[in-house]
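Colleague: See data_8.pdb below, with PDB, N, CA and C atoms.
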```
ATOM      1  N   MET A   1     -14.694  -2.565  -4.273  1.00  0.00           N
ATOM      2  CA  MET A   1     -13.565  -2.530  -3.386  1.00  0.00           C
ATOM      3  C   MET A   1     -12.961  -3.918  -3.285  1.00  0.00           C
ATOM      4  N   GLY A   2     -11.682  -3.954  -2.937  1.00  0.00           N
ATOM      5  CA  GLY A   2     -11.034  -5.242  -2.788  1.00  0.00           C
ATOM      6  C   GLY A   2      -9.841  -5.141  -1.874  1.00  0.00           C
ATOM      7  N   ARG A   3      -9.283  -6.253  -1.565  1.00  0.00           N
ATOM      8  CA  ARG A   3      -8.098  -6.287  -0.717  1.00  0.00           C
ATOM      9  C   ARG A   3      -6.875  -5.859  -1.513  1.00  0.00           C
ATOM     10  N   ALA A   4      -5.976  -5.171  -0.843  1.00  0.00           N
ATOM     11  CA  ALA A   4      -4.725  -4.773  -1.468  1.00  0.00           C
ATOM     12  C   ALA A   4      -3.866  -6.007  -1.695  1.00  0.00           C
ATOM     13  N   PRO A   5      -3.119  -6.063  -2.822  1.00  0.00           N
ATOM     14  CA  PRO A   5      -2.198  -7.178  -2.997  1.00  0.00           C
ATOM     15  C   PRO A   5      -1.181  -7.151  -1.860  1.00  0.00           C
ATOM     16  N   LEU A   6      -0.781  -8.313  -1.353  1.00  0.00           N
ATOM     17  CA  LEU A   6       0.102  -8.343  -0.195  1.00  0.00           C
ATOM     18  C   LEU A   6       1.525  -7.926  -0.515  1.00  0.00           C
ATOM     19  N   SER A   7       2.028  -8.267  -1.687  1.00  0.00           N
ATOM     20  CA  SER A   7       3.378  -7.851  -2.053  1.00  0.00           C
ATOM     21  C   SER A   7       3.546  -7.930  -3.557  1.00  0.00           C
ATOM     22  N   GLY A   8       4.592  -7.287  -4.040  1.00  0.00           N
ATOM     23  CA  GLY A   8       4.862  -7.368  -5.461  1.00  0.00           C
ATOM     24  C   GLY A   8       5.681  -6.199  -5.957  1.00  0.00           C
ATOM     25  N   ARG A   9       5.859  -6.178  -7.267  1.00  0.00           N
ATOM     26  CA  ARG A   9       6.528  -5.080  -7.954  1.00  0.00           C
ATOM     27  C   ARG A   9       5.495  -4.500  -8.910  1.00  0.00           C
ATOM     28  N   SER A  10       5.217  -3.235  -8.732  1.00  0.00           N
ATOM     29  CA  SER A  10       4.197  -2.582  -9.542  1.00  0.00           C
ATOM     30  C   SER A  10       4.688  -2.373 -10.971  1.00  0.00           C
ATOM     31  N   ASP A  11       3.830  -2.658 -11.945  1.00  0.00           N
ATOM     32  CA  ASP A  11       4.201  -2.433 -13.343  1.00  0.00           C
ATOM     33  C   ASP A  11       3.677  -1.093 -13.865  1.00  0.00           C
ATOM     34  N   ARG A  12       2.996  -0.339 -13.000  1.00  0.00           N
ATOM     35  CA  ARG A  12       2.522   0.999 -13.365  1.00  0.00           C
ATOM     36  C   ARG A  12       2.346   1.822 -12.099  1.00  0.00           C
ATOM     37  N   SER A  13       2.378   3.123 -12.229  1.00  0.00           N
ATOM     38  CA  SER A  13       2.152   4.006 -11.094  1.00  0.00           C
ATOM     39  C   SER A  13       0.659   4.111 -10.820  1.00  0.00           C
ATOM     40  N   ALA A  14       0.306   4.113  -9.545  1.00  0.00           N
ATOM     41  CA  ALA A  14      -1.103   4.198  -9.203  1.00  0.00           C
ATOM     42  C   ALA A  14      -1.265   4.604  -7.743  1.00  0.00           C
ATOM     43  N   PRO A  15      -2.311   5.363  -7.442  1.00  0.00           N
ATOM     44  CA  PRO A  15      -2.606   5.652  -6.035  1.00  0.00           C
ATOM     45  C   PRO A  15      -3.427   4.510  -5.446  1.00  0.00           C
ATOM     46  N   ALA A  16      -3.290   4.303  -4.159  1.00  0.00           N
ATOM     47  CA  ALA A  16      -4.129   3.342  -3.447  1.00  0.00           C
ATOM     48  C   ALA A  16      -4.757   4.095  -2.280  1.00  0.00           C
ATOM     49  N   LEU A  17      -6.066   4.221  -2.287  1.00  0.00           N
ATOM     50  CA  LEU A  17      -6.797   4.878  -1.215  1.00  0.00           C
ATOM     51  C   LEU A  17      -7.135   3.835  -0.158  1.00  0.00           C
ATOM     52  N   VAL A  18      -6.769   4.092   1.064  1.00  0.00           N
ATOM     53  CA  VAL A  18      -7.116   3.182   2.155  1.00  0.00           C
ATOM     54  C   VAL A  18      -8.543   3.522   2.572  1.00  0.00           C
ATOM     55  N   ALA A  19      -9.478   2.690   2.147  1.00  0.00           N
ATOM     56  CA  ALA A  19     -10.889   2.954   2.375  1.00  0.00           C
ATOM     57  C   ALA A  19     -11.318   2.625   3.800  1.00  0.00           C
ATOM     58  N   SER A  20     -10.668   1.638   4.395  1.00  0.00           N
ATOM     59  CA  SER A  20     -10.988   1.291   5.783  1.00  0.00           C
ATOM     60  C   SER A  20      -9.821   0.532   6.387  1.00  0.00           C
ATOM     61  N   GLY A  21      -9.771   0.500   7.695  1.00  0.00           N
ATOM     62  CA  GLY A  21      -8.739  -0.248   8.401  1.00  0.00           C
ATOM     63  C   GLY A  21      -7.421   0.499   8.477  1.00  0.00           C
ATOM     64  N   ARG A  22      -6.402  -0.238   8.853  1.00  0.00           N
ATOM     65  CA  ARG A  22      -5.048   0.296   8.932  1.00  0.00           C
ATOM     66  C   ARG A  22      -4.091  -0.861   8.777  1.00  0.00           C
ATOM     67  N   GLY A  23      -2.839  -0.565   8.569  1.00  0.00           N
ATOM     68  CA  GLY A  23      -1.854  -1.614   8.395  1.00  0.00           C
ATOM     69  C   GLY A  23      -0.477  -1.024   8.187  1.00  0.00           C
ATOM     70  N   GLU A  24       0.401  -1.802   7.612  1.00  0.00           N
ATOM     71  CA  GLU A  24       1.770  -1.362   7.357  1.00  0.00           C
ATOM     72  C   GLU A  24       2.055  -1.541   5.872  1.00  0.00           C
ATOM     73  N   HIS A  25       2.686  -0.546   5.283  1.00  0.00           N
ATOM     74  CA  HIS A  25       3.081  -0.614   3.881  1.00  0.00           C
ATOM     75  C   HIS A  25       4.577  -0.339   3.810  1.00  0.00           C
ATOM     76  N   VAL A  26       5.333  -1.290   3.275  1.00  0.00           N
ATOM     77  CA  VAL A  26       6.774  -1.122   3.101  1.00  0.00           C
ATOM     78  C   VAL A  26       7.014  -0.962   1.606  1.00  0.00           C
ATOM     79  N   ALA A  27       7.657   0.136   1.243  1.00  0.00           N
ATOM     80  CA  ALA A  27       7.942   0.428  -0.160  1.00  0.00           C
ATOM     81  C   ALA A  27       9.391   0.863  -0.282  1.00  0.00           C
ATOM     82  N   ASP A  28      10.152   0.119  -1.069  1.00  0.00           N
ATOM     83  CA  ASP A  28      11.573   0.410  -1.259  1.00  0.00           C
ATOM     84  C   ASP A  28      12.284   0.635   0.081  1.00  0.00           C
ATOM     85  N   PHE A  29      12.041  -0.287   1.025  1.00  0.00           N
ATOM     86  CA  PHE A  29      12.696  -0.321   2.337  1.00  0.00           C
ATOM     87  C   PHE A  29      12.280   0.804   3.286  1.00  0.00           C
ATOM     88  N   GLU A  30      11.236   1.550   2.957  1.00  0.00           N
ATOM     89  CA  GLU A  30      10.684   2.577   3.853  1.00  0.00           C
ATOM     90  C   GLU A  30       9.342   2.063   4.372  1.00  0.00           C
ATOM     91  N   THR A  31       9.106   2.197   5.674  1.00  0.00           N
ATOM     92  CA  THR A  31       7.873   1.713   6.291  1.00  0.00           C
ATOM     93  C   THR A  31       6.905   2.872   6.517  1.00  0.00           C
ATOM     94  N   TYR A  32       5.647   2.651   6.124  1.00  0.00           N
ATOM     95  CA  TYR A  32       4.582   3.637   6.295  1.00  0.00           C
ATOM     96  C   TYR A  32       3.444   2.968   7.044  1.00  0.00           C
ATOM     97  N   LEU A  33       2.689   3.729   7.801  1.00  0.00           N
ATOM     98  CA  LEU A  33       1.567   3.210   8.581  1.00  0.00           C
ATOM     99  C   LEU A  33       0.270   3.891   8.153  1.00  0.00           C
ATOM    100  N   PRO A  34      -0.239   3.548   6.966  1.00  0.00           N
ATOM    101  CA  PRO A  34      -1.463   4.186   6.500  1.00  0.00           C
ATOM    102  C   PRO A  34      -2.673   3.730   7.311  1.00  0.00           C
ATOM    103  N   ARG A  35      -3.677   4.597   7.365  1.00  0.00           N
ATOM    104  CA  ARG A  35      -4.936   4.270   8.023  1.00  0.00           C
ATOM    105  C   ARG A  35      -6.071   4.802   7.155  1.00  0.00           C
ATOM    106  N   GLU A  36      -7.275   4.587   7.577  1.00  0.00           N
ATOM    107  CA  GLU A  36      -8.445   5.009   6.806  1.00  0.00           C
ATOM    108  C   GLU A  36      -8.304   6.454   6.348  1.00  0.00           C
ATOM    109  N   GLY A  37      -8.510   6.682   5.048  1.00  0.00           N
ATOM    110  CA  GLY A  37      -8.413   8.014   4.468  1.00  0.00           C
ATOM    111  C   GLY A  37      -7.053   8.329   3.878  1.00  0.00           C
ATOM    112  N   SER A  38      -6.043   7.506   4.138  1.00  0.00           N
ATOM    113  CA  SER A  38      -4.701   7.739   3.587  1.00  0.00           C
ATOM    114  C   SER A  38      -4.666   7.382   2.106  1.00  0.00           C
ATOM    115  N   VAL A  39      -3.813   8.073   1.376  1.00  0.00           N
ATOM    116  CA  VAL A  39      -3.552   7.730  -0.018  1.00  0.00           C
ATOM    117  C   VAL A  39      -2.085   7.330  -0.108  1.00  0.00           C
ATOM    118  N   VAL A  40      -1.839   6.153  -0.653  1.00  0.00           N
ATOM    119  CA  VAL A  40      -0.483   5.639  -0.831  1.00  0.00           C
ATOM    120  C   VAL A  40      -0.183   5.679  -2.325  1.00  0.00           C
ATOM    121  N   TRP A  41       0.901   6.344  -2.699  1.00  0.00           N
ATOM    122  CA  TRP A  41       1.287   6.411  -4.110  1.00  0.00           C
ATOM    123  C   TRP A  41       2.299   5.308  -4.376  1.00  0.00           C
ATOM    124  N   ILE A  42       1.983   4.417  -5.298  1.00  0.00           N
ATOM    125  CA  ILE A  42       2.870   3.315  -5.660  1.00  0.00           C
ATOM    126  C   ILE A  42       3.417   3.600  -7.053  1.00  0.00           C
ATOM    127  N   ARG A  43       4.733   3.800  -7.133  1.00  0.00           N
ATOM    128  CA  ARG A  43       5.384   4.117  -8.411  1.00  0.00           C
ATOM    129  C   ARG A  43       5.663   2.865  -9.228  1.00  0.00           C
ATOM    130  N   SER A  44       5.726   3.030 -10.520  1.00  0.00           N
ATOM    131  CA  SER A  44       6.087   1.948 -11.416  1.00  0.00           C
ATOM    132  C   SER A  44       7.457   1.403 -11.030  1.00  0.00           C
ATOM    133  N   GLY A  45       7.577   0.089 -10.927  1.00  0.00           N
ATOM    134  CA  GLY A  45       8.830  -0.555 -10.584  1.00  0.00           C
ATOM    135  C   GLY A  45       9.110  -0.640  -9.098  1.00  0.00           C
ATOM    136  N   MET A  46       8.261  -0.033  -8.276  1.00  0.00           N
ATOM    137  CA  MET A  46       8.468  -0.036  -6.829  1.00  0.00           C
ATOM    138  C   MET A  46       8.171  -1.423  -6.260  1.00  0.00           C
ATOM    139  N   VAL A  47       9.074  -1.903  -5.433  1.00  0.00           N
ATOM    140  CA  VAL A  47       8.822  -3.141  -4.705  1.00  0.00           C
ATOM    141  C   VAL A  47       8.106  -2.753  -3.419  1.00  0.00           C
ATOM    142  N   HIS A  48       6.972  -3.396  -3.162  1.00  0.00           N
ATOM    143  CA  HIS A  48       6.198  -3.002  -1.984  1.00  0.00           C
ATOM    144  C   HIS A  48       5.543  -4.206  -1.353  1.00  0.00           C
ATOM    145  N   ARG A  49       5.180  -4.036  -0.069  1.00  0.00           N
ATOM    146  CA  ARG A  49       4.527  -5.104   0.678  1.00  0.00           C
ATOM    147  C   ARG A  49       3.559  -4.488   1.685  1.00  0.00           C
ATOM    148  N   TRP A  50       2.379  -5.079   1.772  1.00  0.00           N
ATOM    149  CA  TRP A  50       1.390  -4.703   2.781  1.00  0.00           C
ATOM    150  C   TRP A  50       1.430  -5.777   3.861  1.00  0.00           C
ATOM    151  N   SER A  51       1.296  -5.400   5.123  1.00  0.00           N
ATOM    152  CA  SER A  51       1.190  -6.387   6.192  1.00  0.00           C
ATOM    153  C   SER A  51       0.308  -5.841   7.297  1.00  0.00           C
ATOM    154  N   GLY A  52      -0.187  -6.747   8.131  1.00  0.00           N
ATOM    155  CA  GLY A  52      -1.081  -6.343   9.210  1.00  0.00           C
ATOM    156  C   GLY A  52      -2.330  -5.677   8.683  1.00  0.00           C
ATOM    157  N   THR A  53      -2.799  -6.136   7.539  1.00  0.00           N
ATOM    158  CA  THR A  53      -3.884  -5.442   6.836  1.00  0.00           C
ATOM    159  C   THR A  53      -5.175  -6.255   6.825  1.00  0.00           C
ATOM    160  N   THR A  54      -5.485  -6.917   7.909  1.00  0.00           N
ATOM    161  CA  THR A  54      -6.679  -7.761   7.911  1.00  0.00           C
ATOM    162  C   THR A  54      -7.947  -6.975   7.613  1.00  0.00           C
ATOM    163  N   ALA A  55      -7.986  -5.691   7.951  1.00  0.00           N
ATOM    164  CA  ALA A  55      -9.186  -4.906   7.697  1.00  0.00           C
ATOM    165  C   ALA A  55      -8.947  -3.810   6.658  1.00  0.00           C
ATOM    166  N   LEU A  56      -7.819  -3.839   5.983  1.00  0.00           N
ATOM    167  CA  LEU A  56      -7.480  -2.799   5.013  1.00  0.00           C
ATOM    168  C   LEU A  56      -8.124  -3.105   3.669  1.00  0.00           C
ATOM    169  N   THR A  57      -8.825  -2.137   3.106  1.00  0.00           N
ATOM    170  CA  THR A  57      -9.385  -2.303   1.763  1.00  0.00           C
ATOM    171  C   THR A  57      -9.035  -1.091   0.926  1.00  0.00           C
ATOM    172  N   VAL A  58      -8.806  -1.327  -0.350  1.00  0.00           N
ATOM    173  CA  VAL A  58      -8.587  -0.246  -1.303  1.00  0.00           C
ATOM    174  C   VAL A  58      -9.560  -0.444  -2.453  1.00  0.00           C
ATOM    175  N   PRO A  59     -10.102   0.654  -2.993  1.00  0.00           N
ATOM    176  CA  PRO A  59     -11.077   0.507  -4.086  1.00  0.00           C
ATOM    177  C   PRO A  59     -10.417   0.014  -5.363  1.00  0.00           C
TER
END
```
Can you present the structure in this file as structure tokens?
Modeller:
Amino acid sequence: MGRAPLSGRSDRSAPALVASGRGEHVADFETYLPREGSVVWIRSGMVHRWSGTTALTVP
């Protein structure tokens, strides 16, 4: 397991499972509030940012 990258542009599509914690995920100007057990789908080319994720981990 590891910490989610804080921001960037994805070069491939991939799911991110929130293994623990909670935080905020902004993707293409839409805000989501994932928590433990959530799956976030990050599309290729999507600009995204994680914040408030001090306890957020993704495998």
Colleague: Give me, please, the distance in Å between CA of Trp50 (chain A) and atom C of Gly37 (chain A), quoted to one decimal.
Modeller: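 These atoms are spaced 15.6 Å apart.
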Colleague: Tell me which protein, DNA and RNA residues are within 6.5 Å of Leu33 (chain A), counting only N, CA and C atoms, leaving out same-chain ones fewer than 2 positions away, and put them as a count of residues only.
Modeller: 6
Colleague: Neighbours of Ala27 (chain A) within 6 Å (all atoms listed in the file; same-chain residues fewer than 2 positions away dropped), as a list in words?
Modeller: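 Skipping anything fewer than 2 positions along the chain leaves His25, Phe29, Glu30, Thr31, Tyr32, Val47, His48 and Arg49 of chain A.
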Colleague: Between atom N of Val26 (chain A) and atom C of Ser7 (chain A), what is the distance, to one decimal in Å?
Modeller: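 The value is 9.7 Å.
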Colleague: Determine the residue membership of the PyMOL selection byres (((chain A and resi 36 and name CA) around 9) and name CA) for the file above and supply it as a list in words.
Modeller: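 Taken over the shown coordinates, the PyMOL selection byres (((chain A and resi 36 and name CA) around 9) and name CA) returns Leu17, Val18, Ala19, Ser20, Gly21, Arg22, Pro34, Arg35, Gly37, Ser38, Val39, Leu56 and Thr57 of chain A.
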Colleague: If I take CA of Ala16 (chain A) and atom C of Arg43 (chain A), how far is one from the other in Å, to one decimal?
Modeller: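 Computed distance, CA of Ala16 (chain A) to atom C of Arg43 (chain A), equals 11.4 Å.
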Colleague: Which neighbours of Ser44 (chain A) fall inside 8 Å, counting all atoms listed in the file, when residues of the same chain fewer than 3 positions from it are skipped, and could you give them as an MDAnalysis selection string?
Modeller: chainID A and resid 9:14 41 47
Colleague: Return as lines of an AutoDock Vina configuration file the centre and edge lengths, in Å with one decimal, of the box along x, y and z that encloses every atom of region 42-48 of chain A in the file, padded by 6 Å per side.
Modeller:
```
center_x = 5.5
center_y = 0.1
center_z = -6.4
size_x = 19.1
size_y = 20.6
size_z = 22.1
```
